[in-house]
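S.K.: Contents of start-v5.cif (mmCIF, C-alpha atoms):
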```cif
data_input
#
loop_
_atom_site.label_atom_id
_atom_site.label_comp_id
_atom_site.auth_asym_id
_atom_site.auth_seq_id
_atom_site.Cartn_x
_atom_site.Cartn_y
_atom_site.Cartn_z
CA MET A 1 7.34 -25.19 8.04
CA THR A 2 5.97 -21.83 7.10
CA GLN A 3 2.30 -21.63 7.86
CA ALA A 4 0.01 -19.23 6.10
CA ASP A 5 -1.01 -17.82 9.46
CA SER A 6 2.38 -17.62 11.15
CA GLU A 7 3.76 -14.26 12.09
CA PHE A 8 6.02 -12.12 9.94
CA LEU A 9 9.76 -11.80 10.16
CA GLN A 10 10.69 -8.43 11.52
CA ARG A 11 10.99 -5.91 8.70
CA ASP A 12 14.60 -5.03 7.90
CA ARG A 13 14.26 -1.26 7.74
CA SER A 14 17.90 -0.76 6.74
CA ILE A 15 17.00 -1.59 3.14
CA HIS A 16 14.12 0.90 3.01
CA PRO A 17 14.36 4.67 2.78
CA PRO A 18 13.86 6.18 6.23
CA ALA A 19 10.88 8.50 6.66
CA PHE A 20 13.09 11.60 6.72
CA THR A 21 15.19 12.04 3.54
CA PRO A 22 15.84 15.79 3.31
CA ASP A 23 17.01 15.77 -0.32
CA TYR A 24 13.51 14.61 -1.14
CA LYS A 25 12.09 17.81 0.21
CA THR A 26 8.46 16.80 0.61
CA SER A 27 9.53 14.16 3.13
CA VAL A 28 10.72 16.81 5.58
CA LEU A 29 7.26 17.74 6.87
CA ARG A 30 5.64 14.39 6.17
CA SER A 31 8.02 12.17 8.12
CA PRO A 32 7.04 10.93 11.58
CA ARG A 33 9.78 11.67 14.10
CA ARG A 34 8.81 9.46 17.00
CA ALA A 35 9.99 5.88 17.22
CA MET A 36 7.44 3.51 15.75
CA LEU A 37 5.97 1.03 18.16
CA SER A 38 7.05 -2.51 17.23
CA LEU A 39 4.23 -5.06 17.33
CA GLN A 40 4.31 -8.81 17.20
CA SER A 41 1.91 -10.07 14.56
CA SER A 42 -1.71 -10.60 15.54
CA LEU A 43 -4.60 -11.70 13.36
CA SER A 44 -4.86 -8.08 12.22
CA GLU A 45 -1.44 -8.25 10.55
CA VAL A 46 -1.29 -11.84 9.27
CA THR A 47 -4.59 -11.49 7.41
CA GLY A 48 -5.26 -9.21 4.48
CA PRO A 49 -7.65 -8.69 1.60
CA THR A 50 -7.98 -11.19 -1.22
CA PHE A 51 -9.00 -10.46 -4.78
CA GLY A 52 -10.54 -12.58 -7.50
CA HIS A 53 -9.91 -12.75 -11.23
CA SER A 54 -13.55 -11.85 -11.80
CA GLU A 55 -12.86 -8.37 -10.45
CA LEU A 56 -10.48 -7.60 -13.30
CA GLY A 57 -11.29 -6.87 -16.91
CA PRO A 58 -9.60 -8.62 -19.86
CA LEU A 59 -7.53 -5.55 -20.79
CA ASP A 60 -6.56 -4.51 -17.28
CA ASN A 61 -3.00 -5.75 -17.81
CA ASP A 62 -2.64 -4.24 -21.29
CA LEU A 63 -1.81 -0.55 -21.04
CA ILE A 64 -1.35 -0.38 -24.81
CA LEU A 65 -5.03 -1.14 -25.35
CA ASN A 66 -6.88 -0.41 -22.12
CA TYR A 67 -7.37 3.29 -22.89
CA ALA A 68 -6.93 3.24 -26.68
CA ARG A 69 -9.54 5.45 -28.34
CA GLU A 70 -8.68 6.53 -31.89
CA GLY A 71 -5.54 4.42 -32.14
CA GLU A 72 -2.69 3.11 -30.03
CA PRO A 73 -0.50 5.18 -27.73
CA ILE A 74 2.77 6.74 -28.86
CA GLY A 75 6.05 5.33 -27.58
CA GLU A 76 8.27 2.33 -27.11
CA ARG A 77 6.22 -0.82 -26.64
CA ILE A 78 7.46 -2.98 -23.77
CA PHE A 79 6.58 -6.15 -21.95
CA VAL A 80 7.13 -6.19 -18.18
CA HIS A 81 7.14 -9.41 -16.20
CA GLY A 82 8.45 -10.83 -12.97
CA HIS A 83 8.07 -13.11 -10.00
CA VAL A 84 6.49 -12.08 -6.70
CA ARG A 85 8.05 -14.05 -3.86
CA ASP A 86 8.41 -13.76 -0.12
CA GLU A 87 11.72 -13.53 1.75
CA ASN A 88 11.72 -17.32 2.07
CA GLY A 89 11.77 -17.57 -1.72
CA ARG A 90 8.24 -18.85 -2.10
CA GLY A 91 6.15 -17.56 -4.97
CA ILE A 92 3.06 -15.66 -3.83
CA PRO A 93 0.13 -16.87 -5.92
CA HIS A 94 -3.09 -15.01 -6.69
CA THR A 95 -2.06 -11.66 -5.27
CA LEU A 96 -3.06 -8.31 -6.73
CA VAL A 97 -0.34 -6.30 -8.49
CA GLU A 98 -1.21 -2.78 -9.65
CA PHE A 99 0.91 -0.35 -11.67
CA TRP A 100 0.75 3.21 -12.91
CA GLN A 101 3.04 5.48 -14.88
CA ALA A 102 3.56 8.55 -17.04
CA ASN A 103 3.20 8.35 -20.82
CA ALA A 104 6.11 8.29 -23.27
CA GLY A 105 6.54 12.06 -22.91
CA GLY A 106 6.66 11.94 -19.11
CA ARG A 107 3.12 13.26 -18.56
CA TYR A 108 0.59 11.67 -16.21
CA ARG A 109 -3.12 11.51 -16.90
CA HIS A 110 -3.90 13.26 -13.63
CA ARG A 111 -5.77 16.47 -12.92
CA ASN A 112 -2.85 17.74 -10.82
CA ASP A 113 -0.09 17.15 -13.41
CA ARG A 114 0.62 20.43 -15.23
CA TYR A 115 3.81 19.40 -17.05
CA LEU A 116 3.98 20.86 -20.57
CA ALA A 117 4.39 17.52 -22.33
CA PRO A 118 1.06 16.47 -23.88
CA ILE A 119 -1.44 13.93 -22.63
CA ASP A 120 -1.60 10.94 -24.97
CA PRO A 121 -5.28 10.56 -25.90
CA ASN A 122 -4.82 6.82 -26.20
CA PHE A 123 -2.96 6.16 -22.97
CA GLY A 124 -4.44 5.91 -19.48
CA GLY A 125 -1.30 4.85 -17.66
CA CYS A 126 -2.58 2.30 -15.19
CA GLY A 127 -3.26 -1.39 -15.03
CA ARG A 128 -3.46 -4.38 -12.73
CA THR A 129 -3.17 -8.12 -12.69
CA ILE A 130 -3.21 -11.09 -10.32
CA THR A 131 -0.19 -13.36 -10.03
CA ASP A 132 -0.58 -16.89 -11.34
CA GLU A 133 -0.45 -20.02 -9.17
CA ASN A 134 3.35 -19.73 -8.90
CA GLY A 135 3.52 -15.98 -8.28
CA PHE A 136 4.38 -14.77 -11.79
CA TYR A 137 2.85 -11.68 -13.39
CA TYR A 138 3.13 -9.79 -16.67
CA PHE A 139 1.68 -6.84 -18.51
CA ARG A 140 2.46 -4.77 -21.57
CA THR A 141 2.75 -1.05 -21.79
CA ILE A 142 4.58 1.94 -23.26
CA LYS A 143 7.94 2.82 -21.76
CA PRO A 144 7.37 5.91 -19.59
CA GLY A 145 9.43 9.03 -20.16
CA PRO A 146 11.44 10.88 -17.50
CA TYR A 147 10.05 14.22 -16.37
CA PRO A 148 11.08 17.26 -14.32
CA TRP A 149 9.59 17.81 -10.89
CA ARG A 150 9.73 20.51 -8.26
CA ASN A 151 12.49 19.59 -5.85
CA PHE A 152 15.78 21.11 -6.96
CA LEU A 153 15.57 23.19 -10.15
CA ASN A 154 16.95 20.46 -12.34
CA SER A 155 15.40 17.46 -10.63
CA TRP A 156 14.22 14.91 -13.17
CA ARG A 157 12.65 11.63 -12.22
CA PRO A 158 14.22 8.67 -13.98
CA ALA A 159 11.73 6.72 -16.11
CA HIS A 160 9.78 4.55 -13.70
CA ILE A 161 6.67 2.48 -13.17
CA HIS A 162 4.92 2.56 -9.78
CA PHE A 163 3.92 -0.81 -8.30
CA SER A 164 1.48 -1.66 -5.53
CA VAL A 165 1.49 -5.20 -4.11
CA PHE A 166 -0.54 -6.93 -1.39
CA GLY A 167 0.77 -10.40 -0.48
CA THR A 168 -1.21 -12.54 1.95
CA GLY A 169 -1.15 -10.35 5.07
CA PHE A 170 -1.74 -6.63 5.51
CA ALA A 171 1.74 -6.26 7.04
CA GLN A 172 3.21 -7.10 3.61
CA ARG A 173 1.56 -4.14 1.90
CA LEU A 174 4.11 -2.43 -0.32
CA ILE A 175 4.30 0.39 -2.83
CA THR A 176 7.51 0.79 -4.80
CA GLN A 177 8.89 1.93 -8.15
CA MET A 178 10.63 0.06 -10.93
CA TYR A 179 13.45 1.75 -12.85
CA PHE A 180 15.00 0.83 -16.19
CA GLU A 181 18.51 -0.51 -16.72
CA GLY A 182 20.89 2.09 -18.12
CA ASP A 183 18.97 5.24 -17.17
CA PRO A 184 21.53 7.94 -16.21
CA LEU A 185 18.99 9.70 -14.01
CA ILE A 186 18.67 6.81 -11.52
CA TRP A 187 21.70 7.67 -9.39
CA ARG A 188 20.77 11.36 -9.29
CA ASP A 189 17.28 10.70 -7.98
CA PRO A 190 16.66 11.62 -4.32
CA MET A 191 14.05 8.87 -3.99
CA VAL A 192 16.49 6.20 -5.14
CA LEU A 193 19.32 7.76 -3.13
CA GLY A 194 17.07 7.77 -0.07
CA ILE A 195 17.61 4.02 0.14
CA PRO A 196 20.60 3.68 2.47
CA ASP A 197 21.86 0.42 0.96
CA ARG A 198 23.02 0.72 -2.65
CA SER A 199 22.59 -2.96 -3.41
CA ALA A 200 18.99 -2.71 -2.18
CA ALA A 201 18.39 0.25 -4.48
CA GLU A 202 19.84 -1.76 -7.38
CA ARG A 203 17.08 -4.30 -6.87
CA LEU A 204 14.63 -1.67 -8.12
CA ILE A 205 16.33 -1.56 -11.52
CA ALA A 206 14.77 -3.91 -14.04
CA PRO A 207 17.21 -5.42 -16.54
CA LEU A 208 16.48 -5.54 -20.23
CA ASP A 209 15.33 -9.11 -20.88
CA LEU A 210 15.73 -9.93 -24.55
CA GLY A 211 14.72 -13.52 -23.80
CA ALA A 212 11.19 -12.33 -23.14
CA ALA A 213 11.05 -9.76 -25.94
CA VAL A 214 8.63 -10.18 -28.83
CA PRO A 215 10.64 -9.84 -32.05
CA LEU A 216 9.71 -6.85 -34.22
CA ASP A 217 7.18 -5.77 -31.60
CA MET A 218 8.28 -5.27 -27.99
CA LEU A 219 11.35 -5.21 -25.79
CA ALA A 220 11.00 -6.74 -22.31
CA TYR A 221 12.08 -5.85 -18.80
CA LYS A 222 12.06 -8.20 -15.83
CA PHE A 223 11.09 -6.90 -12.41
CA ASP A 224 10.98 -9.35 -9.52
CA ILE A 225 9.37 -8.30 -6.25
CA VAL A 226 10.07 -9.68 -2.78
CA LEU A 227 7.54 -9.21 0.01
CA ARG A 228 8.11 -9.97 3.65
CA GLY A 229 8.29 -13.60 4.72
CA ARG A 230 6.81 -15.44 7.65
CA GLN A 231 8.71 -17.03 10.52
CA GLN A 232 9.63 -20.64 10.07
CA THR A 233 10.32 -21.70 13.65
CA LEU A 234 8.35 -24.69 14.84
CA PHE A 235 7.58 -23.24 18.23
CA GLU A 236 5.75 -20.21 19.52
CA ASN A 237 4.73 -18.81 16.18
CA LYS A 238 1.18 -20.04 16.05
CA LEU A 239 -1.16 -17.23 16.79
CA GLN A 240 -4.24 -19.24 17.55
CA GLY A 241 -5.32 -22.39 19.37
CA ASN A 242 -2.84 -25.15 20.11
CA MET B 1 33.82 -19.69 11.51
CA VAL B 2 30.35 -21.03 12.15
CA GLN B 3 27.93 -22.95 10.01
CA PRO B 4 26.32 -20.69 7.44
CA LEU B 5 22.62 -19.90 7.83
CA PRO B 6 20.43 -20.38 4.78
CA THR B 7 20.21 -17.07 3.00
CA ARG B 8 16.90 -15.33 2.65
CA LEU B 9 15.84 -12.98 -0.07
CA GLN B 10 15.66 -9.33 0.92
CA GLU B 11 12.41 -7.44 0.73
CA THR B 12 12.01 -5.05 -2.20
CA PRO B 13 12.67 -1.52 -0.94
CA SER B 14 9.71 0.81 -0.63
CA GLN B 15 9.42 3.98 -2.67
CA THR B 16 6.96 6.79 -2.22
CA ALA B 17 3.54 6.46 -3.84
CA GLY B 18 4.08 9.96 -5.23
CA PRO B 19 1.55 12.67 -6.08
CA TYR B 20 -0.18 10.63 -8.78
CA VAL B 21 -0.98 7.50 -6.76
CA HIS B 22 -4.63 8.08 -7.68
CA ILE B 23 -4.01 7.10 -11.30
CA GLY B 24 -3.16 3.54 -10.44
CA LEU B 25 -5.26 2.86 -7.39
CA ILE B 26 -8.28 5.20 -7.52
CA PRO B 27 -8.35 6.49 -11.12
CA HIS B 28 -11.68 8.31 -10.76
CA GLN B 29 -9.99 10.73 -8.39
CA ALA B 30 -7.22 11.32 -10.95
CA GLY B 31 -10.03 12.38 -13.29
CA PHE B 32 -10.71 9.47 -15.63
CA ASP B 33 -12.59 6.21 -15.95
CA ILE B 34 -10.75 3.10 -17.12
CA PHE B 35 -11.70 -0.04 -15.17
CA GLU B 36 -15.06 -1.78 -15.11
CA THR B 37 -14.67 -2.67 -11.44
CA ASN B 38 -13.27 -0.04 -9.12
CA PHE B 39 -12.12 -0.47 -5.56
CA THR B 40 -13.78 2.09 -3.33
CA ASN B 41 -14.29 3.49 0.14
CA VAL B 42 -17.65 1.74 0.59
CA LEU B 43 -17.09 -1.55 2.40
CA ALA B 44 -20.60 -2.38 3.51
CA GLY B 45 -23.30 -3.51 1.10
CA PRO B 46 -27.04 -3.43 1.75
CA GLU B 47 -26.95 -6.99 3.15
CA THR B 48 -23.89 -6.56 5.36
CA LYS B 49 -24.55 -7.29 9.02
CA GLY B 50 -23.62 -4.83 11.71
CA GLU B 51 -23.84 -1.24 12.81
CA ARG B 52 -23.39 1.12 9.85
CA ILE B 53 -20.70 3.68 10.52
CA ARG B 54 -18.79 6.32 8.62
CA ILE B 55 -15.20 6.91 9.56
CA GLU B 56 -13.56 10.08 8.41
CA GLY B 57 -10.61 12.29 9.08
CA ARG B 58 -7.92 14.48 7.70
CA VAL B 59 -4.15 14.12 7.52
CA PHE B 60 -1.84 16.91 8.70
CA ASP B 61 1.85 17.49 8.09
CA GLY B 62 4.46 18.83 10.51
CA ALA B 63 3.56 22.45 9.73
CA GLY B 64 -0.10 21.76 10.51
CA SER B 65 -1.09 21.95 6.83
CA LEU B 66 -3.62 19.58 5.34
CA VAL B 67 -2.19 16.71 3.33
CA ARG B 68 -4.58 16.78 0.37
CA ASP B 69 -2.99 13.99 -1.62
CA ALA B 70 -2.88 11.21 0.98
CA PHE B 71 -3.91 7.68 0.03
CA ILE B 72 -5.50 5.53 2.71
CA GLU B 73 -6.49 1.88 2.92
CA ILE B 74 -8.32 0.13 5.72
CA TRP B 75 -8.52 -3.53 6.70
CA GLN B 76 -10.92 -4.72 9.34
CA ALA B 77 -12.86 -7.60 10.81
CA ASN B 78 -16.60 -7.91 10.26
CA ALA B 79 -19.26 -7.10 12.85
CA ALA B 80 -18.67 -10.47 14.50
CA GLY B 81 -14.94 -9.85 14.80
CA ARG B 82 -13.87 -12.19 12.00
CA TYR B 83 -11.42 -11.33 9.21
CA ASN B 84 -12.38 -12.47 5.73
CA HIS B 85 -9.17 -14.44 5.30
CA PRO B 86 -8.32 -18.17 5.56
CA ALA B 87 -5.82 -17.59 8.39
CA ASP B 88 -8.65 -16.43 10.66
CA ARG B 89 -10.03 -19.61 12.22
CA GLN B 90 -11.75 -18.09 15.25
CA GLU B 91 -14.62 -20.29 16.35
CA GLY B 92 -18.19 -19.09 16.67
CA LYS B 93 -17.65 -16.02 14.51
CA PRO B 94 -19.36 -16.33 11.14
CA LEU B 95 -17.94 -14.92 7.94
CA ASP B 96 -20.12 -12.36 6.19
CA GLY B 97 -20.00 -13.11 2.47
CA THR B 98 -20.96 -9.54 1.64
CA PHE B 99 -18.02 -8.04 3.48
CA ARG B 100 -14.40 -8.17 2.32
CA GLY B 101 -13.28 -5.81 5.07
CA TRP B 102 -11.01 -3.75 2.88
CA GLY B 103 -11.32 -0.39 1.14
CA ARG B 104 -9.28 2.49 -0.15
CA THR B 105 -9.66 6.19 -0.78
CA GLY B 106 -7.80 9.47 -1.12
CA SER B 107 -7.98 12.75 0.76
CA ASP B 108 -10.16 15.29 -1.03
CA PHE B 109 -7.95 17.60 -3.11
CA ASP B 110 -9.72 20.67 -1.65
CA THR B 111 -10.90 19.84 1.84
CA GLY B 112 -8.38 17.13 2.71
CA LEU B 113 -11.20 14.99 4.07
CA TRP B 114 -11.21 11.21 3.57
CA PHE B 115 -13.97 8.81 4.61
CA PHE B 116 -15.14 5.20 4.50
CA GLU B 117 -18.63 3.72 4.81
CA THR B 118 -18.40 0.47 6.69
CA VAL B 119 -19.66 -1.46 9.72
CA LYS B 120 -18.22 -1.36 13.18
CA PRO B 121 -15.93 -4.36 13.62
CA GLY B 122 -16.29 -6.78 16.53
CA PRO B 123 -13.48 -7.65 18.93
CA VAL B 124 -10.82 -10.02 17.58
CA GLU B 125 -8.91 -12.74 19.42
CA GLY B 126 -5.50 -11.56 20.61
CA ARG B 127 -2.23 -13.41 20.30
CA LYS B 128 -2.18 -16.74 22.09
CA GLY B 129 -2.27 -16.11 25.83
CA HIS B 130 -3.35 -12.51 25.46
CA ARG B 131 -6.68 -10.79 25.92
CA PRO B 132 -8.94 -10.11 22.96
CA MET B 133 -8.24 -7.02 20.91
CA ALA B 134 -10.82 -4.27 21.20
CA PRO B 135 -12.72 -3.40 18.01
CA HIS B 136 -10.30 -1.62 15.71
CA ILE B 137 -9.61 -0.81 12.08
CA ASN B 138 -6.13 -1.11 10.58
CA LEU B 139 -5.02 1.85 8.46
CA TRP B 140 -2.26 2.11 5.90
CA ILE B 141 -1.25 5.56 4.68
CA ALA B 142 0.82 6.39 1.62
CA ALA B 143 1.45 9.71 -0.12
CA ARG B 144 3.94 11.95 -1.82
CA GLY B 145 6.64 12.58 0.77
CA ILE B 146 5.95 9.33 2.64
CA ASN B 147 8.80 6.98 1.81
CA ILE B 148 7.29 3.84 3.27
CA GLY B 149 3.62 3.21 4.01
CA LEU B 150 2.57 4.04 7.57
CA GLN B 151 0.57 1.56 9.63
CA THR B 152 -1.68 2.60 12.46
CA ARG B 153 -4.92 1.50 14.11
CA LEU B 154 -8.21 3.28 14.69
CA TYR B 155 -9.87 2.37 17.99
CA PHE B 156 -13.30 3.58 19.07
CA ALA B 157 -13.40 6.12 21.90
CA ASP B 158 -16.78 4.81 23.08
CA GLU B 159 -15.35 1.32 23.71
CA ALA B 160 -13.63 2.39 26.90
CA GLU B 161 -13.96 -0.96 28.63
CA ALA B 162 -12.63 -3.05 25.73
CA ASN B 163 -9.92 -0.49 25.02
CA ALA B 164 -8.70 -0.67 28.61
CA ASP B 165 -7.95 -4.38 28.12
CA ASP B 166 -6.54 -4.15 24.59
CA PRO B 167 -3.06 -5.71 24.38
CA VAL B 168 -1.86 -3.22 21.76
CA LEU B 169 -3.28 -0.05 23.27
CA ASN B 170 -1.71 -1.10 26.54
CA LEU B 171 1.72 -0.89 24.93
CA VAL B 172 1.12 2.81 24.25
CA GLU B 173 1.78 5.38 26.96
CA ARG B 174 -1.49 6.54 28.52
CA GLY B 175 -2.34 10.14 27.64
CA PRO B 176 -1.96 11.94 24.31
CA LEU B 177 -0.10 9.08 22.62
CA ARG B 178 -2.79 6.52 23.35
CA ASP B 179 -5.49 9.09 22.61
CA SER B 180 -4.01 9.58 19.11
CA LEU B 181 -5.44 6.12 18.29
CA LEU B 182 -8.99 6.87 19.42
CA ALA B 183 -11.70 7.99 17.00
CA ARG B 184 -14.39 10.15 18.55
CA ARG B 185 -18.02 9.33 17.97
CA GLU B 186 -20.48 11.84 16.54
CA GLU B 187 -24.02 11.52 15.26
CA ARG B 188 -25.09 13.56 12.24
CA ASP B 189 -28.60 13.25 10.86
CA GLY B 190 -28.87 9.71 12.17
CA THR B 191 -25.48 8.61 10.82
CA VAL B 192 -22.84 7.42 13.24
CA VAL B 193 -19.53 9.05 12.38
CA TYR B 194 -16.16 8.32 13.92
CA VAL B 195 -13.60 11.08 13.41
CA PHE B 196 -9.94 10.09 13.21
CA ASP B 197 -7.40 12.76 12.28
CA ILE B 198 -3.86 11.66 11.49
CA TYR B 199 -0.84 13.78 12.35
CA LEU B 200 2.29 12.79 10.45
CA GLN B 201 4.59 14.89 12.60
CA GLY B 202 4.58 17.42 15.41
CA PRO B 203 3.35 17.54 19.00
CA ASN B 204 0.22 15.52 18.17
CA GLU B 205 2.04 12.96 16.02
CA THR B 206 -0.05 9.81 15.62
CA VAL B 207 1.38 6.56 16.95
CA PHE B 208 2.55 4.43 14.02
CA PHE B 209 3.35 0.75 14.25
CA ASP B 210 6.26 -1.27 12.94
CA VAL B 211 4.21 -4.40 12.35
#
```
Just give me the structure as structure tokens.
M.R.:
Amino acid sequence: MTQADSEFLQRDRSIHPPAFTPDYKTSVLRSPRRAMLSLQSSLSEVTGPTFGHSELGPLDNDLILNYAREGEPIGERIFVHGHVRDENGRGIPHTLVEFWQANAGGRYRHRNDRYLAPIDPNFGGCGRTITDENGFYYFRTIKPGPYPWRNFLNSWRPAHIHFSVFGTGFAQRLITQMYFEGDPLIWRDPMVLGIPDRSAAERLIAPLDLGAAVPLDMLAYKFDIVLRGRQQTLFENKLQGN
Amino acid sequence: MVQPLPTRLQETPSQTAGPYVHIGLIPHQAGFDIFETNFTNVLAGPETKGERIRIEGRVFDGAGSLVRDAFIEIWQANAAGRYNHPADRQEGKPLDGTFRGWGRTGSDFDTGLWFFETVKPGPVEGRKGHRPMAPHINLWIAARGINIGLQTRLYFADEAEANADDPVLNLVERGPLRDSLLARREERDGTVVYVFDIYLQGPNETVFFDV
């Protein structure tokens, strides 16, 4: 049986981008070069922060309305939903999922973004939610636009939404990005191509999900997230007591 | 052929938090106000038990330049050495209802400085059969150019005795590597400050953990 306090399966780093991915130039000077020290889980890793519904506002998962001022934001209205599970396939209930993105023109509401596309006065570009008792989440937003960035001269990020997820232990902490089915920029992107395993990278591409679309209103994309799982052996994996 | 093992799902790959991580996680630093409740770098409330401390530091890249867009989270036990989480069942260590033990912040865009206002954690039980862990704070660092979040631990330089017995510190070579995990204590106008600089790369590279 998996226990909520049992230690984590070792992380399979072959499905993650390594620290040093030279085609993503900023990683060159920001990548540790020494071997990381592998630790067995202690209480410091199997525990992690918990969040309550009372900490969130009613519009926190509605990016169409949560910054609307004079009207609604410009762009393609979409519904994004998915299941947060661990590697053992169990839904992770009541965990915080946060997301942020550019607007429909590919511009971020951020003091450091100087891209010439305009800020949308009615779009903030961030939101958050807590998974339900089975680990499902959803929010609605505007489909973000692709945008150029300083890497190679013609580097354009594919349209994407950033995700931050917690899980039940601090060792599960994950930030990732969701891409959209059919975007021709995906397989030219040094961040996507930094993932050494193509099938792993494909798991960041959300399929169009007409089954969840709202007719005459919104298309839908489904983005499932898998966090690390805990060991299931019956022996030796209890951290405390007998 | 052998019997097949049950297949597991594979973890979702990490991607960098990017330069605009502030929008989603600390929107005030991006320059706007959107949520009623914001998660901050102040962990300790007026009623929280324990010694008030400030921890602060800067992050440096492999050229020695300041990383001014780093994003940092901390997770720690309370002053009694208890994590505010159901998996922590240590006996004789009370929970502190005013203390979640978690916070987040970003490096200052100009000075590169980050800081948290918290309490000094107590020692925490080690893995079964091991000595207790010295007081420490777990850090998680994400930023543009960091492809997967980096985990490290801040230990307190003035806890020499507890540090000498710590089962994790004892896995790290004595000398500069182990010292990279020690925050030095200062006192400024009556405030206790622990300084913990993080080096992503280079001769002083911080020890990071694969947890």
S.K.: Could you write out as a PyMOL selection string the residues that the PyMOL selection byres ((chain B and resi 170-176) around 10) matches in the shown file?
M.R.: (chain A and resi 37-39) or (chain B and resi 163-169+177-182+203-207)
S.K.: So, with only C-alpha atoms as the atoms that count, which of A:Pro184, A:Gly75, A:Gly135, A:Pro121 lies closest to chain B?
M.R.: A:Pro121
S.K.: Tell me, as a PyMOL selection string, which residues lie within 9 Å of B:Lys49, counting all atoms listed in the file; anything in the same chain fewer than 5 positions away does not count.
M.R.: chain B and resi 44+78-80+96+98-99+119
S.K.: Within 6 Å of chain B, which residues of chain A come that close, and what is the closest atom pair and distance in Å for each? Count all atoms listed in the file and give it as JSON lines.
M.R.:
```
{"residue": "A:Asp5", "atom": "CA", "partner": "B:Ala87", "partner_atom": "CA", "distance": 4.9}
{"residue": "A:Ile15", "atom": "CA", "partner": "B:Pro13", "partner_atom": "CA", "distance": 5.9}
{"residue": "A:His16", "atom": "CA", "partner": "B:Pro13", "partner_atom": "CA", "distance": 4.9}
{"residue": "A:Ala19", "atom": "CA", "partner": "B:Asn147", "partner_atom": "CA", "distance": 5.5}
{"residue": "A:Thr26", "atom": "CA", "partner": "B:Gly145", "partner_atom": "CA", "distance": 4.6}
{"residue": "A:Ser27", "atom": "CA", "partner": "B:Gly145", "partner_atom": "CA", "distance": 4.1}
{"residue": "A:Leu29", "atom": "CA", "partner": "B:Gly62", "partner_atom": "CA", "distance": 4.7}
{"residue": "A:Arg30", "atom": "CA", "partner": "B:Asp61", "partner_atom": "CA", "distance": 5.3}
{"residue": "A:Pro32", "atom": "CA", "partner": "B:Gln201", "partner_atom": "CA", "distance": 4.8}
{"residue": "A:Met36", "atom": "CA", "partner": "B:Phe209", "partner_atom": "CA", "distance": 5.2}
{"residue": "A:Leu37", "atom": "CA", "partner": "B:Phe209", "partner_atom": "CA", "distance": 4.7}
{"residue": "A:Ser38", "atom": "CA", "partner": "B:Asp210", "partner_atom": "CA", "distance": 4.5}
{"residue": "A:Leu39", "atom": "CA", "partner": "B:Val211", "partner_atom": "CA", "distance": 5.0}
{"residue": "A:Ser42", "atom": "CA", "partner": "B:Arg127", "partner_atom": "CA", "distance": 5.6}
{"residue": "A:Thr47", "atom": "CA", "partner": "B:His85", "partner_atom": "CA", "distance": 5.8}
{"residue": "A:Glu87", "atom": "CA", "partner": "B:Leu9", "partner_atom": "CA", "distance": 4.5}
{"residue": "A:Asn88", "atom": "CA", "partner": "B:Arg8", "partner_atom": "CA", "distance": 5.6}
{"residue": "A:Phe99", "atom": "CA", "partner": "B:Gly24", "partner_atom": "CA", "distance": 5.8}
{"residue": "A:Trp100", "atom": "CA", "partner": "B:Gly24", "partner_atom": "CA", "distance": 4.6}
{"residue": "A:His110", "atom": "CA", "partner": "B:Ala30", "partner_atom": "CA", "distance": 4.7}
{"residue": "A:Arg111", "atom": "CA", "partner": "B:Ala30", "partner_atom": "CA", "distance": 5.7}
{"residue": "A:Cys126", "atom": "CA", "partner": "B:Gly24", "partner_atom": "CA", "distance": 4.9}
{"residue": "A:Ile175", "atom": "CA", "partner": "B:Ser14", "partner_atom": "CA", "distance": 5.9}
{"residue": "A:Thr176", "atom": "CA", "partner": "B:Gln15", "partner_atom": "CA", "distance": 4.3}
{"residue": "A:Gln177", "atom": "CA", "partner": "B:Gln15", "partner_atom": "CA", "distance": 5.9}
{"residue": "A:Ile225", "atom": "CA", "partner": "B:Thr12", "partner_atom": "CA", "distance": 5.8}
{"residue": "A:Val226", "atom": "CA", "partner": "B:Glu11", "partner_atom": "CA", "distance": 4.8}
{"residue": "A:Leu227", "atom": "CA", "partner": "B:Glu11", "partner_atom": "CA", "distance": 5.2}
{"residue": "A:Arg228", "atom": "CA", "partner": "B:Glu11", "partner_atom": "CA", "distance": 5.8}
{"residue": "A:Leu239", "atom": "CA", "partner": "B:Arg127", "partner_atom": "CA", "distance": 5.3}
{"residue": "A:Gln240", "atom": "CA", "partner": "B:Lys128", "partner_atom": "CA", "distance": 5.6}
```
S.K.: Please write the residues picked by the PyMOL selection byres ((chain B and resi 104) around 6) on this file as a list in words.
M.R.: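 On the file shown, the PyMOL selection byres ((chain B and resi 104) around 6) covers Thr40, Asn41, Ile72, Glu73, Gly103 and Thr105 of chain B.
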S.K.: Next, the residues of the selection above should be written as a short mmCIF file (atom, residue, chain, number, x, y, z; two decimals), in the frame of the given file with C-alpha atoms.
M.R.:
```cif
data_model
loop_
_atom_site.label_atom_id
_atom_site.label_comp_id
_atom_site.auth_asym_id
_atom_site.auth_seq_id
_atom_site.Cartn_x
_atom_site.Cartn_y
_atom_site.Cartn_z
CA THR B 40 -13.78 2.09 -3.33
CA ASN B 41 -14.29 3.49 0.14
CA ILE B 72 -5.50 5.53 2.71
CA GLU B 73 -6.49 1.88 2.92
CA GLY B 103 -11.32 -0.39 1.14
CA THR B 105 -9.66 6.19 -0.78
#
```
S.K.: By how many Å are atom CA of B:Leu95 and atom CA of A:Pro93 apart?
M.R.: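 According to the coordinates, atom CA of B:Leu95 and atom CA of A:Pro93 are separated by 22.9 Å.
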